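Enquirer: Data: query.txt, compact mmCIF, N, CA and C atoms.
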```txt
# COMPACT_ATOMS: atom_id res chain seq x y z
N MET L 1 94.93 101.14 94.50
CA MET L 1 96.30 101.18 94.94
C MET L 1 96.80 102.62 94.91
N ASP L 2 97.34 103.06 96.04
CA ASP L 2 97.76 104.45 96.17
C ASP L 2 99.07 104.74 95.44
N ALA L 3 100.08 103.93 95.64
CA ALA L 3 101.37 104.14 95.01
C ALA L 3 101.46 103.27 93.77
N THR L 4 102.47 103.51 92.98
CA THR L 4 102.58 102.81 91.72
C THR L 4 103.47 101.58 91.85
N LEU L 5 102.92 100.45 91.54
CA LEU L 5 103.67 99.20 91.43
C LEU L 5 104.11 99.09 89.98
N PRO L 6 105.06 98.22 89.69
CA PRO L 6 105.37 97.98 88.27
C PRO L 6 104.10 97.61 87.51
N ALA L 7 104.04 98.01 86.26
CA ALA L 7 102.82 97.85 85.45
C ALA L 7 102.30 96.42 85.43
N VAL L 8 103.19 95.45 85.34
CA VAL L 8 102.73 94.06 85.28
C VAL L 8 102.05 93.65 86.59
N ALA L 9 102.56 94.13 87.71
CA ALA L 9 101.96 93.82 89.01
C ALA L 9 100.60 94.49 89.14
N GLU L 10 100.52 95.76 88.74
CA GLU L 10 99.24 96.49 88.78
C GLU L 10 98.20 95.78 87.92
N GLU L 11 98.58 95.40 86.72
CA GLU L 11 97.65 94.72 85.81
C GLU L 11 97.19 93.39 86.37
N LEU L 12 98.11 92.64 86.94
CA LEU L 12 97.77 91.34 87.53
C LEU L 12 96.75 91.52 88.66
N LEU L 13 96.97 92.48 89.53
CA LEU L 13 96.03 92.72 90.62
C LEU L 13 94.67 93.16 90.10
N ARG L 14 94.65 93.95 89.03
CA ARG L 14 93.36 94.33 88.41
C ARG L 14 92.65 93.12 87.84
N GLU L 15 93.40 92.23 87.19
CA GLU L 15 92.81 91.01 86.62
C GLU L 15 92.25 90.11 87.72
N ILE L 16 92.97 90.01 88.83
CA ILE L 16 92.50 89.21 89.96
C ILE L 16 91.20 89.81 90.50
N GLN L 17 91.17 91.13 90.64
CA GLN L 17 89.96 91.79 91.14
C GLN L 17 88.78 91.56 90.19
N LYS L 18 89.01 91.71 88.90
CA LYS L 18 87.95 91.52 87.91
C LYS L 18 87.42 90.08 87.93
N ALA L 19 88.33 89.12 87.93
CA ALA L 19 87.92 87.71 87.95
C ALA L 19 87.14 87.38 89.22
N PHE L 20 87.59 87.91 90.34
CA PHE L 20 86.93 87.62 91.61
C PHE L 20 85.54 88.25 91.65
N GLN L 21 85.39 89.45 91.11
CA GLN L 21 84.09 90.10 91.07
C GLN L 21 83.11 89.33 90.19
N GLU L 22 83.62 88.73 89.12
CA GLU L 22 82.75 88.01 88.19
C GLU L 22 82.41 86.60 88.67
N THR L 23 83.35 85.92 89.31
CA THR L 23 83.15 84.50 89.62
C THR L 23 83.30 84.13 91.09
N SER L 24 83.69 85.08 91.93
CA SER L 24 83.98 84.83 93.35
C SER L 24 85.13 83.84 93.54
N GLN L 25 85.96 83.73 92.52
CA GLN L 25 87.14 82.86 92.58
C GLN L 25 88.29 83.53 91.86
N VAL L 26 89.50 83.08 92.19
CA VAL L 26 90.68 83.52 91.45
C VAL L 26 91.14 82.31 90.64
N PRO L 27 91.12 82.41 89.31
CA PRO L 27 91.50 81.28 88.46
C PRO L 27 92.95 80.85 88.68
N ASP L 28 93.20 79.58 88.41
CA ASP L 28 94.54 79.01 88.60
C ASP L 28 95.61 79.74 87.80
N ASP L 29 95.28 80.19 86.59
CA ASP L 29 96.29 80.88 85.79
C ASP L 29 96.71 82.20 86.43
N LEU L 30 95.77 82.88 87.09
CA LEU L 30 96.12 84.12 87.78
C LEU L 30 96.90 83.84 89.07
N LEU L 31 96.57 82.74 89.73
CA LEU L 31 97.36 82.35 90.91
C LEU L 31 98.79 82.01 90.52
N SER L 32 98.96 81.34 89.39
CA SER L 32 100.30 81.03 88.89
C SER L 32 101.06 82.30 88.54
N ALA L 33 100.37 83.24 87.91
CA ALA L 33 100.99 84.52 87.57
C ALA L 33 101.38 85.29 88.82
N LEU L 34 100.54 85.22 89.84
CA LEU L 34 100.83 85.87 91.12
C LEU L 34 102.13 85.31 91.72
N LYS L 35 102.25 84.00 91.68
CA LYS L 35 103.47 83.35 92.19
C LYS L 35 104.68 83.73 91.35
N PHE L 36 104.51 83.85 90.05
CA PHE L 36 105.62 84.22 89.16
C PHE L 36 106.08 85.66 89.43
N VAL L 37 105.12 86.59 89.57
CA VAL L 37 105.47 88.00 89.74
C VAL L 37 105.98 88.30 91.15
N PHE L 38 105.35 87.71 92.16
CA PHE L 38 105.68 88.06 93.54
C PHE L 38 106.51 87.00 94.27
N GLY L 39 106.78 85.89 93.62
CA GLY L 39 107.67 84.88 94.18
C GLY L 39 107.15 84.28 95.47
N ALA L 40 108.08 84.11 96.40
CA ALA L 40 107.78 83.41 97.65
C ALA L 40 106.76 84.12 98.53
N SER L 41 106.49 85.39 98.28
CA SER L 41 105.52 86.13 99.08
C SER L 41 104.07 85.78 98.75
N ALA L 42 103.83 85.21 97.57
CA ALA L 42 102.47 85.02 97.08
C ALA L 42 101.63 84.09 97.96
N VAL L 43 102.11 82.90 98.23
CA VAL L 43 101.31 81.94 99.00
C VAL L 43 101.08 82.40 100.44
N PRO L 44 102.13 82.87 101.15
CA PRO L 44 101.87 83.37 102.51
C PRO L 44 100.93 84.58 102.53
N ALA L 45 100.99 85.43 101.50
CA ALA L 45 100.09 86.58 101.43
C ALA L 45 98.64 86.11 101.26
N LEU L 46 98.43 85.13 100.41
CA LEU L 46 97.08 84.58 100.23
C LEU L 46 96.57 83.96 101.52
N ASP L 47 97.46 83.33 102.27
CA ASP L 47 97.09 82.76 103.56
C ASP L 47 96.64 83.86 104.53
N LEU L 48 97.36 84.98 104.55
CA LEU L 48 96.97 86.10 105.40
C LEU L 48 95.60 86.64 105.00
N VAL L 49 95.34 86.71 103.71
CA VAL L 49 94.04 87.17 103.22
C VAL L 49 92.95 86.19 103.64
N ASP L 50 93.22 84.89 103.50
CA ASP L 50 92.25 83.87 103.91
C ASP L 50 91.89 83.98 105.39
N HIS L 51 92.87 84.38 106.20
CA HIS L 51 92.65 84.51 107.64
C HIS L 51 92.16 85.91 108.03
N GLN L 52 91.82 86.72 107.04
CA GLN L 52 91.33 88.10 107.26
C GLN L 52 92.23 88.86 108.22
N SER L 53 93.51 88.85 107.91
CA SER L 53 94.53 89.45 108.77
C SER L 53 94.81 90.92 108.47
N VAL L 54 94.13 91.48 107.47
CA VAL L 54 94.42 92.85 107.04
C VAL L 54 93.33 93.80 107.53
N THR L 55 93.76 94.87 108.20
CA THR L 55 92.84 95.90 108.66
C THR L 55 93.30 97.26 108.16
N ARG L 56 92.41 97.96 107.51
CA ARG L 56 92.67 99.33 107.07
C ARG L 56 92.20 100.25 108.17
N ILE L 57 93.09 101.11 108.66
CA ILE L 57 92.76 102.02 109.75
C ILE L 57 92.67 103.44 109.19
N LEU L 58 91.50 104.03 109.37
CA LEU L 58 91.21 105.37 108.83
C LEU L 58 91.03 106.36 109.97
N SER L 59 91.42 107.61 109.72
CA SER L 59 91.20 108.66 110.70
C SER L 59 90.41 109.80 110.05
N PRO L 60 89.78 110.66 110.86
CA PRO L 60 89.01 111.77 110.30
C PRO L 60 89.83 112.72 109.42
N SER L 61 91.13 112.79 109.65
CA SER L 61 91.98 113.68 108.85
C SER L 61 92.25 113.10 107.46
N GLY L 62 91.81 111.86 107.22
CA GLY L 62 92.01 111.24 105.92
C GLY L 62 93.25 110.37 105.84
N ARG L 63 93.99 110.27 106.92
CA ARG L 63 95.17 109.42 106.93
C ARG L 63 94.76 107.96 107.02
N THR L 64 95.51 107.13 106.32
CA THR L 64 95.22 105.69 106.29
C THR L 64 96.49 104.91 106.50
N VAL L 65 96.43 103.93 107.37
CA VAL L 65 97.50 102.95 107.52
C VAL L 65 96.84 101.58 107.56
N TYR L 66 97.65 100.59 107.43
CA TYR L 66 97.16 99.22 107.50
C TYR L 66 97.90 98.50 108.61
N GLN L 67 97.20 97.59 109.24
CA GLN L 67 97.85 96.66 110.15
C GLN L 67 97.57 95.27 109.63
N VAL L 68 98.62 94.47 109.61
CA VAL L 68 98.51 93.09 109.16
C VAL L 68 98.98 92.20 110.29
N LEU L 69 98.11 91.27 110.68
CA LEU L 69 98.48 90.31 111.70
C LEU L 69 99.27 89.21 111.02
N GLY L 70 100.57 89.18 111.29
CA GLY L 70 101.45 88.22 110.64
C GLY L 70 101.19 86.81 111.10
N SER L 71 101.75 85.86 110.41
CA SER L 71 101.55 84.45 110.74
C SER L 71 102.12 84.10 112.11
N SER L 72 103.05 84.92 112.61
CA SER L 72 103.63 84.68 113.93
C SER L 72 102.78 85.28 115.05
N GLY L 73 101.72 86.02 114.67
CA GLY L 73 100.87 86.66 115.66
C GLY L 73 101.27 88.10 115.95
N LYS L 74 102.32 88.59 115.32
CA LYS L 74 102.77 89.97 115.51
C LYS L 74 102.05 90.88 114.52
N LEU L 75 101.70 92.08 114.99
CA LEU L 75 101.06 93.07 114.13
C LEU L 75 102.12 93.92 113.45
N TYR L 76 101.96 94.10 112.14
CA TYR L 76 102.87 94.94 111.38
C TYR L 76 102.10 96.13 110.84
N THR L 77 102.70 97.31 110.93
CA THR L 77 102.12 98.52 110.39
C THR L 77 102.65 98.71 108.98
N CYS L 78 101.73 98.94 108.06
CA CYS L 78 102.10 99.07 106.65
C CYS L 78 101.50 100.34 106.06
N TYR L 79 102.24 100.90 105.11
CA TYR L 79 101.79 102.09 104.40
C TYR L 79 101.75 101.73 102.92
N ALA L 80 100.57 101.50 102.40
CA ALA L 80 100.44 101.14 100.99
C ALA L 80 100.79 102.32 100.09
N SER L 81 100.61 103.53 100.59
CA SER L 81 100.88 104.71 99.77
C SER L 81 102.35 104.84 99.37
N CYS L 82 103.23 104.23 100.14
CA CYS L 82 104.65 104.30 99.80
C CYS L 82 105.31 102.92 99.82
N HIS L 83 104.52 101.87 99.82
CA HIS L 83 105.03 100.49 99.83
C HIS L 83 106.02 100.26 100.96
N PHE L 84 105.57 100.45 102.20
CA PHE L 84 106.45 100.23 103.35
C PHE L 84 105.76 99.35 104.37
N CYS L 85 106.54 98.43 104.94
CA CYS L 85 106.06 97.57 106.02
C CYS L 85 107.11 97.55 107.11
N SER L 86 106.66 97.43 108.34
CA SER L 86 107.57 97.44 109.48
C SER L 86 108.20 96.07 109.76
N CYS L 87 107.93 95.08 108.94
CA CYS L 87 108.45 93.73 109.20
C CYS L 87 109.93 93.61 108.81
N PRO L 88 110.65 92.69 109.45
CA PRO L 88 112.06 92.48 109.12
C PRO L 88 112.28 92.00 107.69
N ALA L 89 111.36 91.23 107.15
CA ALA L 89 111.52 90.72 105.78
C ALA L 89 111.51 91.87 104.78
N PHE L 90 110.69 92.88 105.03
CA PHE L 90 110.67 94.03 104.13
C PHE L 90 112.03 94.73 104.17
N ALA L 91 112.54 94.97 105.37
CA ALA L 91 113.84 95.64 105.50
C ALA L 91 114.95 94.86 104.80
N PHE L 92 114.92 93.54 104.95
CA PHE L 92 116.00 92.73 104.39
C PHE L 92 115.81 92.44 102.91
N SER L 93 114.68 91.84 102.54
CA SER L 93 114.49 91.37 101.16
C SER L 93 114.13 92.46 100.17
N VAL L 94 113.37 93.45 100.63
CA VAL L 94 112.93 94.50 99.71
C VAL L 94 113.92 95.66 99.68
N LEU L 95 114.28 96.16 100.85
CA LEU L 95 115.15 97.34 100.89
C LEU L 95 116.63 97.00 100.75
N ARG L 96 117.07 96.01 101.50
CA ARG L 96 118.51 95.73 101.52
C ARG L 96 118.99 94.92 100.33
N LYS L 97 118.37 93.76 100.14
CA LYS L 97 118.81 92.87 99.05
C LYS L 97 118.18 93.22 97.71
N ASN L 98 117.04 93.89 97.75
CA ASN L 98 116.32 94.26 96.53
C ASN L 98 115.99 93.04 95.66
N ASP L 99 115.66 91.92 96.31
CA ASP L 99 115.31 90.73 95.54
C ASP L 99 113.82 90.39 95.61
N SER L 100 113.04 91.23 96.28
CA SER L 100 111.60 91.06 96.32
C SER L 100 110.93 92.40 96.05
N LEU L 101 109.79 92.33 95.39
CA LEU L 101 109.03 93.53 95.09
C LEU L 101 108.31 94.04 96.34
N LEU L 102 107.71 93.12 97.09
CA LEU L 102 106.95 93.43 98.30
C LEU L 102 107.12 92.30 99.30
N CYS L 103 106.88 92.59 100.57
CA CYS L 103 106.80 91.52 101.56
C CYS L 103 105.38 90.93 101.51
N LYS L 104 105.18 89.83 102.21
CA LYS L 104 103.87 89.18 102.18
C LYS L 104 102.77 90.05 102.78
N HIS L 105 103.14 90.93 103.73
CA HIS L 105 102.13 91.78 104.37
C HIS L 105 101.59 92.83 103.40
N LEU L 106 102.48 93.47 102.65
CA LEU L 106 102.03 94.44 101.65
C LEU L 106 101.23 93.77 100.54
N LEU L 107 101.70 92.61 100.09
CA LEU L 107 100.96 91.89 99.06
C LEU L 107 99.58 91.49 99.58
N ALA L 108 99.49 91.11 100.84
CA ALA L 108 98.19 90.76 101.44
C ALA L 108 97.25 91.97 101.43
N ILE L 109 97.81 93.16 101.63
CA ILE L 109 96.98 94.37 101.57
C ILE L 109 96.38 94.52 100.18
N TYR L 110 97.23 94.44 99.16
CA TYR L 110 96.75 94.61 97.79
C TYR L 110 95.75 93.53 97.40
N LEU L 111 96.01 92.31 97.82
CA LEU L 111 95.08 91.21 97.52
C LEU L 111 93.76 91.38 98.26
N SER L 112 93.82 91.79 99.52
CA SER L 112 92.57 91.96 100.27
C SER L 112 91.74 93.11 99.69
N GLN L 113 92.41 94.12 99.15
CA GLN L 113 91.67 95.18 98.46
C GLN L 113 91.01 94.63 97.20
N ALA L 114 91.77 93.86 96.43
CA ALA L 114 91.25 93.30 95.18
C ALA L 114 90.09 92.35 95.44
N LEU L 115 90.15 91.60 96.53
CA LEU L 115 89.13 90.60 96.82
C LEU L 115 88.03 91.13 97.72
N GLY L 116 88.17 92.36 98.17
CA GLY L 116 87.14 92.96 99.01
C GLY L 116 87.07 92.39 100.41
N THR L 117 88.18 91.90 100.93
CA THR L 117 88.17 91.27 102.25
C THR L 117 88.88 92.09 103.31
N CYS L 118 89.30 93.29 102.97
CA CYS L 118 90.02 94.14 103.91
C CYS L 118 89.05 94.65 104.98
N GLN L 119 89.39 94.41 106.24
CA GLN L 119 88.57 94.93 107.33
C GLN L 119 88.87 96.41 107.49
N GLU L 120 87.92 97.17 108.02
CA GLU L 120 88.13 98.60 108.22
C GLU L 120 87.84 98.98 109.65
N LEU L 121 88.63 99.93 110.13
CA LEU L 121 88.49 100.44 111.48
C LEU L 121 88.70 101.95 111.42
N THR L 122 87.75 102.71 111.94
CA THR L 122 87.89 104.17 111.98
C THR L 122 88.26 104.55 113.40
N VAL L 123 89.31 105.36 113.51
CA VAL L 123 89.80 105.79 114.82
C VAL L 123 89.96 107.31 114.80
N SER L 124 90.12 107.89 115.97
CA SER L 124 90.37 109.33 116.05
C SER L 124 91.80 109.60 115.60
N ASP L 125 92.07 110.85 115.27
CA ASP L 125 93.43 111.23 114.90
C ASP L 125 94.40 110.97 116.05
N LYS L 126 93.94 111.21 117.26
CA LYS L 126 94.79 110.98 118.44
C LYS L 126 95.13 109.49 118.58
N GLN L 127 94.15 108.62 118.36
CA GLN L 127 94.40 107.18 118.43
C GLN L 127 95.38 106.75 117.34
N LEU L 128 95.22 107.30 116.14
CA LEU L 128 96.13 106.96 115.05
C LEU L 128 97.55 107.42 115.38
N THR L 129 97.68 108.61 115.94
CA THR L 129 99.00 109.10 116.34
C THR L 129 99.62 108.18 117.37
N SER L 130 98.85 107.76 118.35
CA SER L 130 99.36 106.83 119.37
C SER L 130 99.80 105.53 118.74
N LEU L 131 99.02 105.03 117.82
CA LEU L 131 99.36 103.78 117.13
C LEU L 131 100.69 103.92 116.41
N LEU L 132 100.86 105.01 115.68
CA LEU L 132 102.08 105.20 114.90
C LEU L 132 103.29 105.43 115.79
N LEU L 133 103.11 106.12 116.89
CA LEU L 133 104.25 106.37 117.79
C LEU L 133 104.66 105.11 118.54
N MET L 134 103.69 104.27 118.87
CA MET L 134 103.98 103.05 119.61
C MET L 134 104.41 101.91 118.71
N GLU L 135 104.09 102.00 117.39
CA GLU L 135 104.36 100.90 116.46
C GLU L 135 103.80 99.60 117.00
N GLY L 136 102.64 99.65 117.58
CA GLY L 136 102.05 98.44 118.13
C GLY L 136 100.59 98.35 117.81
N SER L 137 99.89 97.53 118.56
CA SER L 137 98.48 97.35 118.31
C SER L 137 97.70 98.53 118.89
N LEU L 138 96.56 98.76 118.36
CA LEU L 138 95.73 99.89 118.74
C LEU L 138 94.88 99.53 119.96
N SER L 139 94.95 100.35 120.97
CA SER L 139 94.12 100.16 122.13
C SER L 139 92.98 101.18 122.07
N LEU L 140 91.78 100.70 121.99
CA LEU L 140 90.63 101.59 121.82
C LEU L 140 90.02 102.01 123.16
N SER L 141 90.68 101.73 124.27
CA SER L 141 90.12 102.10 125.56
C SER L 141 90.46 103.52 125.94
```
For this file, write the structure as structure tokens.
Expert:
Amino acid sequence: MDATLPAVAEELLREIQKAFQETSQVPDDLLSALKFVFGASAVPALDLVDHQSVTRILSPSGRTVYQVLGSSGKLYTCYASCHFCSCPAFAFSVLRKNDSLLCKHLLAIYLSQALGTCQELTVSDKQLTSLLLMEGSLSLS
């Protein structure tokens, strides 16, 4: 994890990663803790991970962004380094109301990292710039 989450969230994600590496499963007690810490975002985030909706996009300059295919079929651009997502739920629940720690897309990123299911795509710096300026899906043509 690039940026700092609250200590309890960081520890929980480490425990999930450790348990998954040892048993290829996430125990029920950790799933319950995930729901307790992250609230309503937990189950939809796990669903996104199950559907392999998270892609880490890397460029030769070392810049990294994530794209998460939301449940509605829309792609969201996320920056794990500063806990930012382009989705409306992040703007409303995380930034405006301050009643959620993360949106489901950011949580899906952290979970996919912990479970080793994050897809990776390497693109040129120019392609990454186009992606960020368009705030849309990446066209590799």
Enquirer: What are the nearest atom pairs, with distances in Å to one decimal, for all residues of range 23-121 of chain L that come at most 7 Å from range 127-135 of chain L, using all atoms listed in the file, set out by chain and rising residue number as CSV?
Expert:
```
residue,atom,partner,partner_atom,distance
L:Ser59,CA,L:Leu128,CA,6.8
L:Leu75,C,L:Glu135,C,6.9
L:Thr77,N,L:Glu135,C,6.6
```
Enquirer: Atom N of Gln67 in chain L to atom N of Tyr79 in chain L: how many Å, to one decimal?
Expert: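 Interatomic distance, atom N of Gln67 in chain L to atom N of Tyr79 in chain L: 7.3 Å.
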Enquirer: At what distance in Å, to one decimal, does atom C of Val43 in chain L lie from CA of Thr55 in chain L?
Expert: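 It comes out at 17.8 Å.
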Enquirer: Please, which residues of chain L, numbered as in this document, come out strand (DSSP E) from DSSP, as a list in words?
Expert: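 Output for chain L, strand (DSSP E) only: Val54, Thr55, Arg56, Ile57, Leu58, Thr64, Val65, Tyr66, Gln67, Val68, Leu69, Leu75, Tyr76, Thr77, Cys78, Tyr79, Phe84, Cys85, Gln119, Glu120, Leu121 and Thr122 of chain L.
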Enquirer: For the structure I just gave you, how does DSSP split chain L - specifically, which residues are alpha helix (DSSP H)? Reply as a ChimeraX atom specification.
Expert: /L:7-23,28-38,42-50,88-89,104-115,125-134
Enquirer: Pick from L:Ile16, L:Ile57, L:Val8, L:Ala108: nearest to Asp28 in chain L, with only C-alpha atoms counted?
Expert: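 Looking at the shortest contact to Asp28 in chain L, the residue is L:Ile16.
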Enquirer: Can you measure CA of Asp29 in chain L to atom C of Leu12 in chain L for me? One decimal in Å is fine.
Expert: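 Distance reported for this atom pair: 11.0 Å.
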Enquirer: Env of Pro6 in chain L: 9 Å cut, atoms = only C-alpha atoms, seq-sep filter 4 positions within chain, self excluded. Answer as a list in words.
Expert: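 That gives Glu10, Glu11 and Leu101 of chain L.
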Enquirer: Using the incomplete input, complete range 2-24 of chain L to the level of N, CA, C and O atoms; output as a compact mmCIF listing (two decimals), in the frame of the given file.
Expert:
```
# COMPACT_ATOMS: atom_id res chain seq x y z
N ASP L 2 97.34 103.06 96.04
CA ASP L 2 97.76 104.45 96.17
C ASP L 2 99.07 104.74 95.44
O ASP L 2 99.18 105.71 94.71
N ALA L 3 100.08 103.93 95.64
CA ALA L 3 101.37 104.14 95.01
C ALA L 3 101.46 103.27 93.77
O ALA L 3 100.64 102.41 93.53
N THR L 4 102.47 103.51 92.98
CA THR L 4 102.58 102.81 91.72
C THR L 4 103.47 101.58 91.85
O THR L 4 104.63 101.67 92.24
N LEU L 5 102.92 100.45 91.54
CA LEU L 5 103.67 99.20 91.43
C LEU L 5 104.11 99.09 89.98
O LEU L 5 103.55 99.76 89.11
N PRO L 6 105.06 98.22 89.69
CA PRO L 6 105.37 97.98 88.27
C PRO L 6 104.10 97.61 87.51
O PRO L 6 103.19 96.98 88.05
N ALA L 7 104.04 98.01 86.26
CA ALA L 7 102.82 97.85 85.45
C ALA L 7 102.30 96.42 85.43
O ALA L 7 101.09 96.20 85.52
N VAL L 8 103.19 95.45 85.34
CA VAL L 8 102.73 94.06 85.28
C VAL L 8 102.05 93.65 86.59
O VAL L 8 101.05 92.93 86.59
N ALA L 9 102.56 94.13 87.71
CA ALA L 9 101.96 93.82 89.01
C ALA L 9 100.60 94.49 89.14
O ALA L 9 99.63 93.87 89.60
N GLU L 10 100.52 95.76 88.74
CA GLU L 10 99.24 96.49 88.78
C GLU L 10 98.20 95.78 87.92
O GLU L 10 97.06 95.59 88.34
N GLU L 11 98.58 95.40 86.72
CA GLU L 11 97.65 94.72 85.81
C GLU L 11 97.19 93.39 86.37
O GLU L 11 96.01 93.03 86.29
N LEU L 12 98.11 92.64 86.94
CA LEU L 12 97.77 91.34 87.53
C LEU L 12 96.75 91.52 88.66
O LEU L 12 95.77 90.79 88.74
N LEU L 13 96.97 92.48 89.53
CA LEU L 13 96.03 92.72 90.62
C LEU L 13 94.67 93.16 90.10
O LEU L 13 93.64 92.77 90.64
N ARG L 14 94.65 93.95 89.03
CA ARG L 14 93.36 94.33 88.41
C ARG L 14 92.65 93.12 87.84
O ARG L 14 91.43 92.99 87.95
N GLU L 15 93.40 92.23 87.19
CA GLU L 15 92.81 91.01 86.62
C GLU L 15 92.25 90.11 87.72
O GLU L 15 91.18 89.51 87.57
N ILE L 16 92.97 90.01 88.83
CA ILE L 16 92.50 89.21 89.96
C ILE L 16 91.20 89.81 90.50
O ILE L 16 90.23 89.08 90.75
N GLN L 17 91.17 91.13 90.64
CA GLN L 17 89.96 91.79 91.14
C GLN L 17 88.78 91.56 90.19
O GLN L 17 87.69 91.22 90.62
N LYS L 18 89.01 91.71 88.90
CA LYS L 18 87.95 91.52 87.91
C LYS L 18 87.42 90.08 87.93
O LYS L 18 86.21 89.86 87.96
N ALA L 19 88.33 89.12 87.93
CA ALA L 19 87.92 87.71 87.95
C ALA L 19 87.14 87.38 89.22
O ALA L 19 86.12 86.69 89.18
N PHE L 20 87.59 87.91 90.34
CA PHE L 20 86.93 87.62 91.61
C PHE L 20 85.54 88.25 91.65
O PHE L 20 84.59 87.65 92.16
N GLN L 21 85.39 89.45 91.11
CA GLN L 21 84.09 90.10 91.07
C GLN L 21 83.11 89.33 90.19
O GLN L 21 81.92 89.26 90.49
N GLU L 22 83.62 88.73 89.12
CA GLU L 22 82.75 88.01 88.19
C GLU L 22 82.41 86.60 88.67
O GLU L 22 81.30 86.13 88.42
N THR L 23 83.35 85.92 89.31
CA THR L 23 83.15 84.50 89.62
C THR L 23 83.30 84.13 91.09
O THR L 23 83.09 82.97 91.46
N SER L 24 83.69 85.08 91.93
CA SER L 24 83.98 84.83 93.35
C SER L 24 85.13 83.84 93.54
O SER L 24 85.21 83.17 94.56
```
